[in-house]
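> If you scroll down you'll find the structure; I have some questions about it.
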Amino acid sequence: MRSSIKRLVLAHLGVAFAAFAVAAVLGAWQMTARSPWSAPYATPNTYFAAVTAHGTIMAYVLPTLFTMGFGYFVAVTALDRPLPGLRLAWTGFWLAMLGVVMAIVPILLGDATVLYTFYPPLTASVFYYFGLVLVVVGSWLWIAVMLWALAAWKRDNPEKPVPLAMFATAANAILWLWTTGGVAVEILFQIVPASLGWTETIDVGLARTLFSWTLHPIVYFWLLPAYIAFYTMVPAAAGGRLYSDTMGRLSFILFLLYSLPVGMHHLFMDPEHGTGFKFVQMSLTVLVTVPTLLTIFTICASLEIAGRLRGGKGIFGWIAALPWQRPMVLATGLAFVMLGFGGFGGIINMSYGMNAMVHNTSWVTAHFHLIFGGSVVIMYFAIAYEIWPHVVGREASSLRAIRVQLWSWCIGMIITTFPWHVLGLLGSPRRVDTFDYANPAMAGWGPWTEVSVGGGLILLAGALLFVWNLATLYRGEPATRPMRYALALHLPARLPRSLNGFALWNYLVAFLMVAAYAYPIAQFVIFKDYPALVHRVDLGG
Amino acid sequence: MAAIPDLPEIASLERSWRRWATLLILGFFAIAIALALIVLPTREPGGGDFFTALCRALGISGYEAIPTLPPAATAAPASDVVWTGDLRRILASASKQRGAAIAADNCATCHGDDGLSTDKDQIPNLAAQSDEAIFKELRDYATGARVWDLMAAPAQSLNPQQMADVAAFYAALPPARVAPAADGVSIEILRLVHEGDPSRGIPGCDSCHGMSKSGPEGAPFLVGHPASYLDAQLQNFATAARHNDLFERMRTIARELTRDETHQLAIYYGGNPLPVYK
């Protein structure tokens, strides 16, 4: 890999992980602040500033920069050719950097206590939104580079199947382009005019609907790098083969199709929509479970191949025979455990009726921390450990600290989020900075919260150990081996165009988005509006 | 992109992928739409005809599932005060000086020169009251949303700007020197004030009427009002003799309160005089 690409990948991942460490410190502090113990500097303003910073970094900065850097790595290594548009890629990086600084400064000044999901009619300093817009624009340049690389490879390799890792990366790039549409319209046409004082009311119903368009697929944009690792890295790390290449392509296509027209399951309790389209989007949400289950089946089958090749016998003997000492395999096992629990919780969230039980409680916080913070971020760790030798040129001198780090992250996440699920069922609300634990109604929440703080401190240790590992462990042998992705059991020879490109699927996404969102959005233009007076938190009122 | 034509078997595979993917996706969507907009809404209790059910599922107002349509006579909103940007500008630009002149001619006889009641059974204090609350009540008296003979005429004589001026004048006066009578009521009443009673759907009184002013616009501060006036108003809400509360918030709460609770809450907010230090 050329050093220019190494610098590009290192820049993206370096910033992503440095920001991640800062946000992890904030997360542990927030948990202490809302527990029966006291935290230094805890006031409502500092708490909501911290939550905004934590969410902005963990939801926008970490996954976007990680996915961009990982995408460049995949494009070069999976396609085995130079990256086109290197200058465009660096432009995207520096735009995103400018955006990160522009977004973080108002948060630190206390002018953006609106949380990363915005919640109009609250509006923050306009620089917060401009900063996020720049991060998104930077990531659009990444999309351009990814599609350019794919098109160039296809031009030179007609009829050949696109390597699965690149196919999946392109799927994520296209998914991201669709995803950002809703929030871009919301920010540019509703929130920015309000935060500049140009409009004194904002239609919150429309704003929430547009944000819901983004809010669900963004989660799958965060998640797909983990799935890319499942399909293209894990079978190789375990010493086996990918059970089915087609299953991988189908899964990424299904994620593209069904993560988009489903965001209204975040609006089940909202009054601005009737039951009809909530039910439609719930039905489509159910289909998102299909690629997840396909993946779990395929990866388990791939691991079984590896386990049996390593001498594992019987129904479960292959599991013990797997090379669990390898970080990628260990991380996958831990990620599946968290994905299982988080996934079951998610099915409750997306069920129209059951959602009412857990709406706005810490159950929801527990769910997305377990799925994203747990199973996805642990795969970010594993990917970083896997590609770091190729980026810095040295192998890790020891794997032990890496295994300790992965275990601590999984254990910490479980200890943090299992009590949150219980607290949610007990009615403990989310987005609240403090509770009166002396009150008999809330006293019972105290012990659960204290346990979760313990988990949070383990998570903090795991986050810092991760950064420490990347900074100090890679001083072993010079890394000369090329990056190898998993080979499928049956190598695809010729594929129909629909499994080798995205034209058909883009048409179908367009149909589904129009069918699922045209009426819910158009109703605000035709016969409904919910104007609310803008509340500018940067002006203090 | 690829100049080479597909092999026949690949081309046929591609055709069936396109056909079946499109059919499956459209088919699933069609079933979901049919269930969501037609089948399930018409099967709901009181589902009504096809058109009604469809409109209800689309969230079109007037077709709600539980048609609690009141008789036309009582269907008017509880108050016509809407907190728009224009109204906020009127309140923000109100003049205390103009308000003082209007108050001296129209209000001071009952509400006192200093904004303190001259008849504690019937007349509230206005000193240091929220300007939004004073404006809303004046407007409601003028439109008949709140009914009391003594207030109808003076309120109707004022235009919105004058109402805002009067509100600004009283809002700026020093408050009555009292503190909530926390030691004069039982612990259950203090709990009602601070936390409410979730089992009866009663939110804490202070969540709207406390000094944080975190309730809806137009909710008045209560501390320092004459206790007998507060007691009477809670009774009026309970019997719906007073009905200018949006969404029936206060009528709903007051109906749930016992006579003793109403009385003690009035004592709590009526307050104890603060000591005067010289």
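In the structure tokens, each chain is lettered A, B, ... as it comes, each chain's residues begin at 1, and ligands are numbered from 1 in order of appearance.
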Which residues of chain A have any atom within 8 Å of an atom in chain B when counting only C-alpha atoms, and what is the closest pair of atoms for each, with the distance in Å to one decimal? Order the rows by chain and rising number and write it as a Markdown table.


```
| residue | atom | partner | partner_atom | distance |
| --- | --- | --- | --- | --- |
| A:Lys154 | CA | B:Met1 | CA | 7.6 |
| A:Arg155 | CA | B:Met1 | CA | 6.4 |
| A:Pro158 | CA | B:Ala2 | CA | 5.2 |
| A:Glu159 | CA | B:Ala2 | CA | 6.8 |
| A:Glu200 | CA | B:Gly85 | CA | 6.6 |
| A:Thr201 | CA | B:Gly85 | CA | 7.7 |
| A:Glu272 | CA | B:Gly59 | CA | 7.5 |
| A:His273 | CA | B:Gly59 | CA | 5.5 |
| A:Gly274 | CA | B:Gly59 | CA | 3.5 |
| A:Thr275 | CA | B:Ala57 | CA | 5.0 |
| A:Gly276 | CA | B:Ala57 | CA | 4.4 |
| A:Phe277 | CA | B:Ala36 | CA | 7.0 |
| A:Phe279 | CA | B:Ala36 | CA | 5.6 |
| A:Val280 | CA | B:Ala32 | CA | 5.4 |
| A:Ser283 | CA | B:Ala32 | CA | 6.4 |
| A:Leu284 | CA | B:Phe29 | CA | 7.7 |
| A:Arg494 | CA | B:Ile10 | CA | 7.4 |
| A:Leu495 | CA | B:Ile10 | CA | 6.9 |
| A:Pro496 | CA | B:Glu14 | CA | 4.7 |
| A:Arg497 | CA | B:Glu14 | CA | 6.3 |
| A:Ser498 | CA | B:Glu14 | CA | 6.5 |
| A:Leu504 | CA | B:Arg18 | CA | 7.1 |
| A:Leu508 | CA | B:Thr22 | CA | 7.2 |
| A:Leu533 | CA | B:Gly85 | CA | 7.1 |
```

> Show me, as a list in words, the residues that have an atom within 8 Å of segment 262-276 of chain B when counting only C-alpha atoms, minus same-chain residues fewer than 5 positions from it.

Arg177, Val178, Ala179, Pro180, Ala181, Ala182, Gly184, Val185, Ile189, Val193, Leu222, Val223, Gly224, His225, Pro226, Ala227, Ser228, Leu230, Asp231, Leu234, Gln235, Ala254 and Leu257 of chain B

> Any idea what's packed within 9 Å of Gly239 of chain A, counting only C-alpha atoms, ignoring anything in its chain fewer than 5 positions away? Could you give it as JSON, numbers by chain?

{"A": [234, 303, 305, 306, 307, 309, 310, 322, 323, 486]}

> Would you please extract all alpha helix (DSSP H) residues from segment 306-489 of chain A, as assigned by DSSP on the backbone, and give them as number ranges by chain?

A: 306-309, 317-321, 327-350, 352-358, 362-368, 377-392, 400-425, 440-443, 445-472

> In Å to one decimal, how far is atom CA of Ile187 of chain B from atom CA of Asn125 of chain B?

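Calculated distance between atom CA of Asn125 of chain B and atom CA of Ile187 of chain B is 26.7 Å.
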
> Could you write out, as JSON, numbers by chain, all the residues of segment 59-234 of chain B that DSSP marks as strand (DSSP E or B)?

{"B": [178, 179, 196, 197, 202, 203]}

> Taking only C-alpha atoms into account, which of B:Arg146, B:Asp206, B:Asp121, B:Gln129 comes nearest Ala241 of chain B?

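Nearest candidate to Ala241 of chain B out of B:Arg146, B:Asp206, B:Asp121, B:Gln129: B:Arg146.
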
> Work out how far atom CA of Val9 of chain A is from atom CA of Trp213 of chain A, in Å to one decimal.

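These atoms are spaced 29.7 Å apart.
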
> Would you mind telling me which residue in A:Phe17, A:Tyr119, A:Phe511, A:Trp90 lies nearest to Tyr258 of chain A when using only C-alpha atoms?

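Going through A:Phe17, A:Tyr119, A:Phe511, A:Trp90 one by one, the smallest distance to Tyr258 of chain A is for A:Phe511.
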
> If you count only C-alpha atoms, which residues fall within 12 Å of Asp529 of chain A, apart from same-chain ones fewer than 3 positions away, as a ChimeraX atom specification?

/A:201-207,271-273,520-526,532 /B:60-61

> Just N, CA and C atoms for this one: save the residues we selected as a PDB file, in the first residue's frame.


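Contents of the output file selection.pdb:
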```
ATOM      1  N   THR A 201     -40.971  30.816  13.693  1.00  0.00           N
ATOM      2  CA  THR A 201     -41.581  29.530  14.008  1.00  0.00           C
ATOM      3  C   THR A 201     -40.937  28.459  13.143  1.00  0.00           C
ATOM      4  N   ILE A 202     -41.070  27.223  13.607  1.00  0.00           N
ATOM      5  CA  ILE A 202     -40.545  26.093  12.856  1.00  0.00           C
ATOM      6  C   ILE A 202     -41.576  24.978  12.947  1.00  0.00           C
ATOM      7  N   ASP A 203     -41.814  24.303  11.812  1.00  0.00           N
ATOM      8  CA  ASP A 203     -42.803  23.223  11.803  1.00  0.00           C
ATOM      9  C   ASP A 203     -42.153  21.967  12.370  1.00  0.00           C
ATOM     10  N   VAL A 204     -42.440  21.684  13.640  1.00  0.00           N
ATOM     11  CA  VAL A 204     -41.752  20.572  14.304  1.00  0.00           C
ATOM     12  C   VAL A 204     -42.190  19.224  13.742  1.00  0.00           C
ATOM     13  N   GLY A 205     -43.433  19.135  13.297  1.00  0.00           N
ATOM     14  CA  GLY A 205     -43.897  17.863  12.722  1.00  0.00           C
ATOM     15  C   GLY A 205     -43.088  17.507  11.490  1.00  0.00           C
ATOM     16  N   LEU A 206     -42.919  18.474  10.601  1.00  0.00           N
ATOM     17  CA  LEU A 206     -42.138  18.240   9.393  1.00  0.00           C
ATOM     18  C   LEU A 206     -40.681  17.958   9.741  1.00  0.00           C
ATOM     19  N   ALA A 207     -40.143  18.734  10.684  1.00  0.00           N
ATOM     20  CA  ALA A 207     -38.732  18.555  11.040  1.00  0.00           C
ATOM     21  C   ALA A 207     -38.486  17.151  11.594  1.00  0.00           C
ATOM     22  N   PRO A 271     -47.874  12.735  17.412  1.00  0.00           N
ATOM     23  CA  PRO A 271     -49.256  12.961  17.000  1.00  0.00           C
ATOM     24  C   PRO A 271     -49.410  13.459  15.563  1.00  0.00           C
ATOM     25  N   GLU A 272     -48.303  13.822  14.899  1.00  0.00           N
ATOM     26  CA  GLU A 272     -48.471  14.483  13.600  1.00  0.00           C
ATOM     27  C   GLU A 272     -48.734  13.497  12.467  1.00  0.00           C
ATOM     28  N   HIS A 273     -48.703  12.191  12.770  1.00  0.00           N
ATOM     29  CA  HIS A 273     -48.999  11.198  11.741  1.00  0.00           C
ATOM     30  C   HIS A 273     -50.142  10.294  12.197  1.00  0.00           C
ATOM     31  N   PRO A 520     -46.547  11.151   4.111  1.00  0.00           N
ATOM     32  CA  PRO A 520     -46.227  11.717   5.422  1.00  0.00           C
ATOM     33  C   PRO A 520     -45.546  13.090   5.356  1.00  0.00           C
ATOM     34  N   ILE A 521     -44.761  13.348   4.307  1.00  0.00           N
ATOM     35  CA  ILE A 521     -44.138  14.671   4.195  1.00  0.00           C
ATOM     36  C   ILE A 521     -45.101  15.648   3.528  1.00  0.00           C
ATOM     37  N   ALA A 522     -45.768  15.176   2.465  1.00  0.00           N
ATOM     38  CA  ALA A 522     -46.645  16.088   1.709  1.00  0.00           C
ATOM     39  C   ALA A 522     -47.788  16.616   2.574  1.00  0.00           C
ATOM     40  N   GLN A 523     -48.241  15.838   3.563  1.00  0.00           N
ATOM     41  CA  GLN A 523     -49.382  16.292   4.359  1.00  0.00           C
ATOM     42  C   GLN A 523     -49.094  17.628   5.049  1.00  0.00           C
ATOM     43  N   PHE A 524     -47.813  17.875   5.371  1.00  0.00           N
ATOM     44  CA  PHE A 524     -47.484  19.143   6.043  1.00  0.00           C
ATOM     45  C   PHE A 524     -47.632  20.315   5.079  1.00  0.00           C
ATOM     46  N   VAL A 525     -47.442  20.033   3.790  1.00  0.00           N
ATOM     47  CA  VAL A 525     -47.569  21.092   2.797  1.00  0.00           C
ATOM     48  C   VAL A 525     -49.034  21.271   2.437  1.00  0.00           C
ATOM     49  N   ILE A 526     -49.776  20.138   2.409  1.00  0.00           N
ATOM     50  CA  ILE A 526     -51.141  20.200   1.904  1.00  0.00           C
ATOM     51  C   ILE A 526     -52.124  20.716   2.958  1.00  0.00           C
ATOM     52  N   ALA A 532     -44.107  25.938  15.735  1.00  0.00           N
ATOM     53  CA  ALA A 532     -43.777  26.169  17.138  1.00  0.00           C
ATOM     54  C   ALA A 532     -42.798  27.322  17.187  1.00  0.00           C
TER      55      ALA A 532
ATOM     56  N   ILE B  60     -55.962  12.361   9.049  1.00  0.00           N
ATOM     57  CA  ILE B  60     -56.660  13.592   8.672  1.00  0.00           C
ATOM     58  C   ILE B  60     -57.599  13.984   9.802  1.00  0.00           C
ATOM     59  N   SER B  61     -57.521  15.231  10.245  1.00  0.00           N
ATOM     60  CA  SER B  61     -58.260  15.588  11.456  1.00  0.00           C
ATOM     61  C   SER B  61     -59.754  15.610  11.165  1.00  0.00           C
TER      62      SER B  61
END
```

> Could you jot down the atom CA of Ile191 of chain A to atom CA of Ala42 of chain A separation for me, Å, one decimal place?

28.6 Å

> Give the answer as one residue: which of B:Ser157, B:Ser130, B:Thr252, B:Gln233 has the shortest atom-to-atom distance to Gly215 of chain B, using only C-alpha atoms?

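Closest to Gly215 of chain B, using only C-alpha atoms: B:Ser130.
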
> Taking 2 positions as the minimum chain separation for residues in the same chain, which residues sit within 12 Å of Leu126 of chain B when counting only C-alpha atoms? Answer as an mmCIF file with N, CA, C and O atoms, in the first residue's frame.


```
data_model
loop_
_atom_site.group_PDB
_atom_site.id
_atom_site.type_symbol
_atom_site.label_atom_id
_atom_site.label_comp_id
_atom_site.auth_asym_id
_atom_site.auth_seq_id
_atom_site.Cartn_x
_atom_site.Cartn_y
_atom_site.Cartn_z
ATOM 1 N N ALA B 103 -54.251 51.432 34.403
ATOM 2 C CA ALA B 103 -54.554 50.716 35.642
ATOM 3 C C ALA B 103 -55.162 51.667 36.671
ATOM 4 O O ALA B 103 -56.095 51.307 37.389
ATOM 5 N N CYS B 107 -58.373 49.734 37.177
ATOM 6 C CA CYS B 107 -58.102 48.503 37.925
ATOM 7 C C CYS B 107 -57.865 48.726 39.420
ATOM 8 O O CYS B 107 -58.105 47.834 40.232
ATOM 9 N N ALA B 108 -57.312 49.908 39.762
ATOM 10 C CA ALA B 108 -56.757 50.085 41.100
ATOM 11 C C ALA B 108 -57.815 49.992 42.187
ATOM 12 O O ALA B 108 -57.509 49.614 43.322
ATOM 13 N N CYS B 110 -60.070 47.856 42.747
ATOM 14 C CA CYS B 110 -60.145 46.493 43.301
ATOM 15 C C CYS B 110 -58.767 45.880 43.519
ATOM 16 O O CYS B 110 -58.538 45.192 44.506
ATOM 17 N N HIS B 111 -57.859 46.088 42.561
ATOM 18 C CA HIS B 111 -56.563 45.398 42.625
ATOM 19 C C HIS B 111 -55.510 46.218 43.370
ATOM 20 O O HIS B 111 -54.366 45.777 43.477
ATOM 21 N N GLY B 112 -55.892 47.398 43.841
ATOM 22 C CA GLY B 112 -54.994 48.191 44.659
ATOM 23 C C GLY B 112 -53.993 48.967 43.831
ATOM 24 O O GLY B 112 -53.621 48.567 42.734
ATOM 25 N N ASP B 113 -53.534 50.092 44.396
ATOM 26 C CA ASP B 113 -52.510 50.877 43.703
ATOM 27 C C ASP B 113 -51.211 50.098 43.586
ATOM 28 O O ASP B 113 -50.427 50.294 42.666
ATOM 29 N N ASP B 114 -50.985 49.233 44.574
ATOM 30 C CA ASP B 114 -49.738 48.469 44.581
ATOM 31 C C ASP B 114 -49.930 47.061 44.006
ATOM 32 O O ASP B 114 -49.065 46.212 44.128
ATOM 33 N N GLY B 115 -51.082 46.815 43.377
ATOM 34 C CA GLY B 115 -51.319 45.507 42.769
ATOM 35 C C GLY B 115 -51.742 44.452 43.766
ATOM 36 O O GLY B 115 -51.771 43.265 43.421
ATOM 37 N N LEU B 116 -52.086 44.866 45.003
ATOM 38 C CA LEU B 116 -52.499 43.880 46.007
ATOM 39 C C LEU B 116 -54.011 43.981 46.236
ATOM 40 O O LEU B 116 -54.569 45.089 46.299
ATOM 41 N N SER B 117 -54.636 42.833 46.371
ATOM 42 C CA SER B 117 -56.094 42.733 46.389
ATOM 43 C C SER B 117 -56.726 43.563 47.502
ATOM 44 O O SER B 117 -56.186 43.669 48.610
ATOM 45 N N THR B 118 -57.899 44.120 47.193
ATOM 46 C CA THR B 118 -58.643 44.840 48.223
ATOM 47 C C THR B 118 -59.805 44.014 48.757
ATOM 48 O O THR B 118 -60.484 44.426 49.666
ATOM 49 N N ILE B 123 -60.844 38.916 44.708
ATOM 50 C CA ILE B 123 -59.920 39.658 43.840
ATOM 51 C C ILE B 123 -58.500 39.127 44.024
ATOM 52 O O ILE B 123 -58.025 39.044 45.159
ATOM 53 N N PRO B 124 -57.821 38.757 42.924
ATOM 54 C CA PRO B 124 -56.431 38.302 43.061
ATOM 55 C C PRO B 124 -55.445 39.462 43.129
ATOM 56 O O PRO B 124 -55.759 40.562 42.698
ATOM 57 N N ALA B 128 -46.371 41.627 40.423
ATOM 58 C CA ALA B 128 -45.332 40.648 40.086
ATOM 59 C C ALA B 128 -45.900 39.391 39.424
ATOM 60 O O ALA B 128 -45.193 38.401 39.278
ATOM 61 N N GLN B 129 -47.157 39.462 39.011
ATOM 62 C CA GLN B 129 -47.724 38.328 38.258
ATOM 63 C C GLN B 129 -47.089 38.287 36.863
ATOM 64 O O GLN B 129 -46.585 39.306 36.374
ATOM 65 N N SER B 130 -47.103 37.123 36.238
ATOM 66 C CA SER B 130 -46.525 37.044 34.889
ATOM 67 C C SER B 130 -47.374 37.853 33.919
ATOM 68 O O SER B 130 -48.607 37.842 33.996
ATOM 69 N N ASP B 131 -46.709 38.627 33.051
ATOM 70 C CA ASP B 131 -47.465 39.468 32.118
ATOM 71 C C ASP B 131 -48.317 38.618 31.185
ATOM 72 O O ASP B 131 -49.413 39.014 30.776
ATOM 73 N N GLU B 132 -47.825 37.401 30.854
ATOM 74 C CA GLU B 132 -48.606 36.525 29.976
ATOM 75 C C GLU B 132 -49.919 36.130 30.645
ATOM 76 O O GLU B 132 -50.977 36.096 30.005
ATOM 77 N N ALA B 133 -49.849 35.814 31.960
ATOM 78 C CA ALA B 133 -51.053 35.388 32.670
ATOM 79 C C ALA B 133 -52.072 36.529 32.726
ATOM 80 O O ALA B 133 -53.273 36.328 32.488
ATOM 81 N N ILE B 134 -51.598 37.737 33.042
ATOM 82 C CA ILE B 134 -52.525 38.874 33.140
ATOM 83 C C ILE B 134 -53.168 39.129 31.782
ATOM 84 O O ILE B 134 -54.385 39.328 31.667
ATOM 85 N N PHE B 135 -52.340 39.093 30.722
ATOM 86 C CA PHE B 135 -52.872 39.331 29.377
ATOM 87 C C PHE B 135 -53.932 38.297 29.036
ATOM 88 O O PHE B 135 -55.008 38.622 28.546
ATOM 89 N N GLU B 137 -55.839 36.419 30.948
ATOM 90 C CA GLU B 137 -57.104 36.530 31.681
ATOM 91 C C GLU B 137 -57.907 37.735 31.190
ATOM 92 O O GLU B 137 -59.127 37.660 31.036
ATOM 93 N N LEU B 138 -57.210 38.849 30.927
ATOM 94 C CA LEU B 138 -57.925 40.031 30.413
ATOM 95 C C LEU B 138 -58.626 39.696 29.098
ATOM 96 O O LEU B 138 -59.790 40.034 28.883
ATOM 97 N N VAL B 166 -51.041 47.126 30.520
ATOM 98 C CA VAL B 166 -51.468 46.903 31.909
ATOM 99 C C VAL B 166 -50.701 45.712 32.495
ATOM 100 O O VAL B 166 -50.206 45.759 33.644
ATOM 101 N N ALA B 167 -50.567 44.640 31.688
ATOM 102 C CA ALA B 167 -49.865 43.455 32.171
ATOM 103 C C ALA B 167 -48.425 43.799 32.515
ATOM 104 O O ALA B 167 -47.893 43.372 33.546
ATOM 105 N N ALA B 168 -47.777 44.611 31.649
ATOM 106 C CA ALA B 168 -46.386 44.971 31.904
ATOM 107 C C ALA B 168 -46.271 45.796 33.181
ATOM 108 O O ALA B 168 -45.329 45.626 33.958
ATOM 109 N N PHE B 169 -47.241 46.681 33.397
ATOM 110 C CA PHE B 169 -47.200 47.516 34.601
ATOM 111 C C PHE B 169 -47.272 46.655 35.865
ATOM 112 O O PHE B 169 -46.435 46.774 36.763
ATOM 113 N N TYR B 170 -48.261 45.753 35.920
ATOM 114 C CA TYR B 170 -48.407 44.948 37.141
ATOM 115 C C TYR B 170 -47.259 43.956 37.294
ATOM 116 O O TYR B 170 -46.808 43.686 38.409
ATOM 117 N N ALA B 171 -46.770 43.419 36.188
ATOM 118 C CA ALA B 171 -45.688 42.430 36.285
ATOM 119 C C ALA B 171 -44.449 43.046 36.915
ATOM 120 O O ALA B 171 -43.655 42.350 37.555
ATOM 121 N N ALA B 172 -44.282 44.379 36.740
ATOM 122 C CA ALA B 172 -43.063 45.015 37.232
ATOM 123 C C ALA B 172 -43.174 45.480 38.683
ATOM 124 O O ALA B 172 -42.191 45.914 39.272
ATOM 125 N N LEU B 173 -44.364 45.388 39.283
ATOM 126 C CA LEU B 173 -44.514 45.839 40.678
ATOM 127 C C LEU B 173 -43.881 44.832 41.645
ATOM 128 O O LEU B 173 -43.805 43.641 41.333
ATOM 129 N N PRO B 174 -43.421 45.275 42.803
ATOM 130 C CA PRO B 174 -42.839 44.324 43.774
ATOM 131 C C PRO B 174 -43.905 43.364 44.297
ATOM 132 O O PRO B 174 -45.059 43.767 44.487
ATOM 133 N N PRO B 175 -43.550 42.109 44.507
ATOM 134 C CA PRO B 175 -44.558 41.121 44.911
ATOM 135 C C PRO B 175 -44.976 41.286 46.370
ATOM 136 O O PRO B 175 -44.302 41.975 47.144
ATOM 137 N N ALA B 176 -46.082 40.630 46.715
ATOM 138 C CA ALA B 176 -46.479 40.558 48.121
ATOM 139 C C ALA B 176 -45.382 39.841 48.890
ATOM 140 O O ALA B 176 -44.806 38.875 48.386
ATOM 141 N N PRO B 220 -50.331 31.237 35.715
ATOM 142 C CA PRO B 220 -49.949 32.293 36.664
ATOM 143 C C PRO B 220 -49.069 31.778 37.796
ATOM 144 O O PRO B 220 -49.084 30.596 38.125
ATOM 145 N N PHE B 221 -48.284 32.693 38.375
ATOM 146 C CA PHE B 221 -47.642 32.382 39.667
ATOM 147 C C PHE B 221 -48.744 32.376 40.721
ATOM 148 O O PHE B 221 -49.678 33.173 40.660
ATOM 149 N N LEU B 222 -48.609 31.495 41.700
ATOM 150 C CA LEU B 222 -49.684 31.396 42.691
ATOM 151 C C LEU B 222 -49.296 31.920 44.062
ATOM 152 O O LEU B 222 -50.174 32.350 44.829
ATOM 153 N N VAL B 223 -48.014 31.902 44.388
ATOM 154 C CA VAL B 223 -47.639 32.264 45.753
ATOM 155 C C VAL B 223 -48.051 33.706 46.042
ATOM 156 O O VAL B 223 -47.743 34.608 45.257
ATOM 157 N N GLY B 224 -48.740 33.898 47.158
ATOM 158 C CA GLY B 224 -49.097 35.244 47.573
ATOM 159 C C GLY B 224 -50.488 35.684 47.165
ATOM 160 O O GLY B 224 -50.956 36.732 47.567
ATOM 161 N N HIS B 225 -51.160 34.865 46.335
ATOM 162 C CA HIS B 225 -52.568 35.180 46.070
ATOM 163 C C HIS B 225 -53.358 34.957 47.357
ATOM 164 O O HIS B 225 -53.020 34.083 48.148
ATOM 165 N N PRO B 226 -54.428 35.695 47.550
ATOM 166 C CA PRO B 226 -55.253 35.434 48.737
ATOM 167 C C PRO B 226 -55.758 33.988 48.726
ATOM 168 O O PRO B 226 -56.240 33.508 47.692
#
```
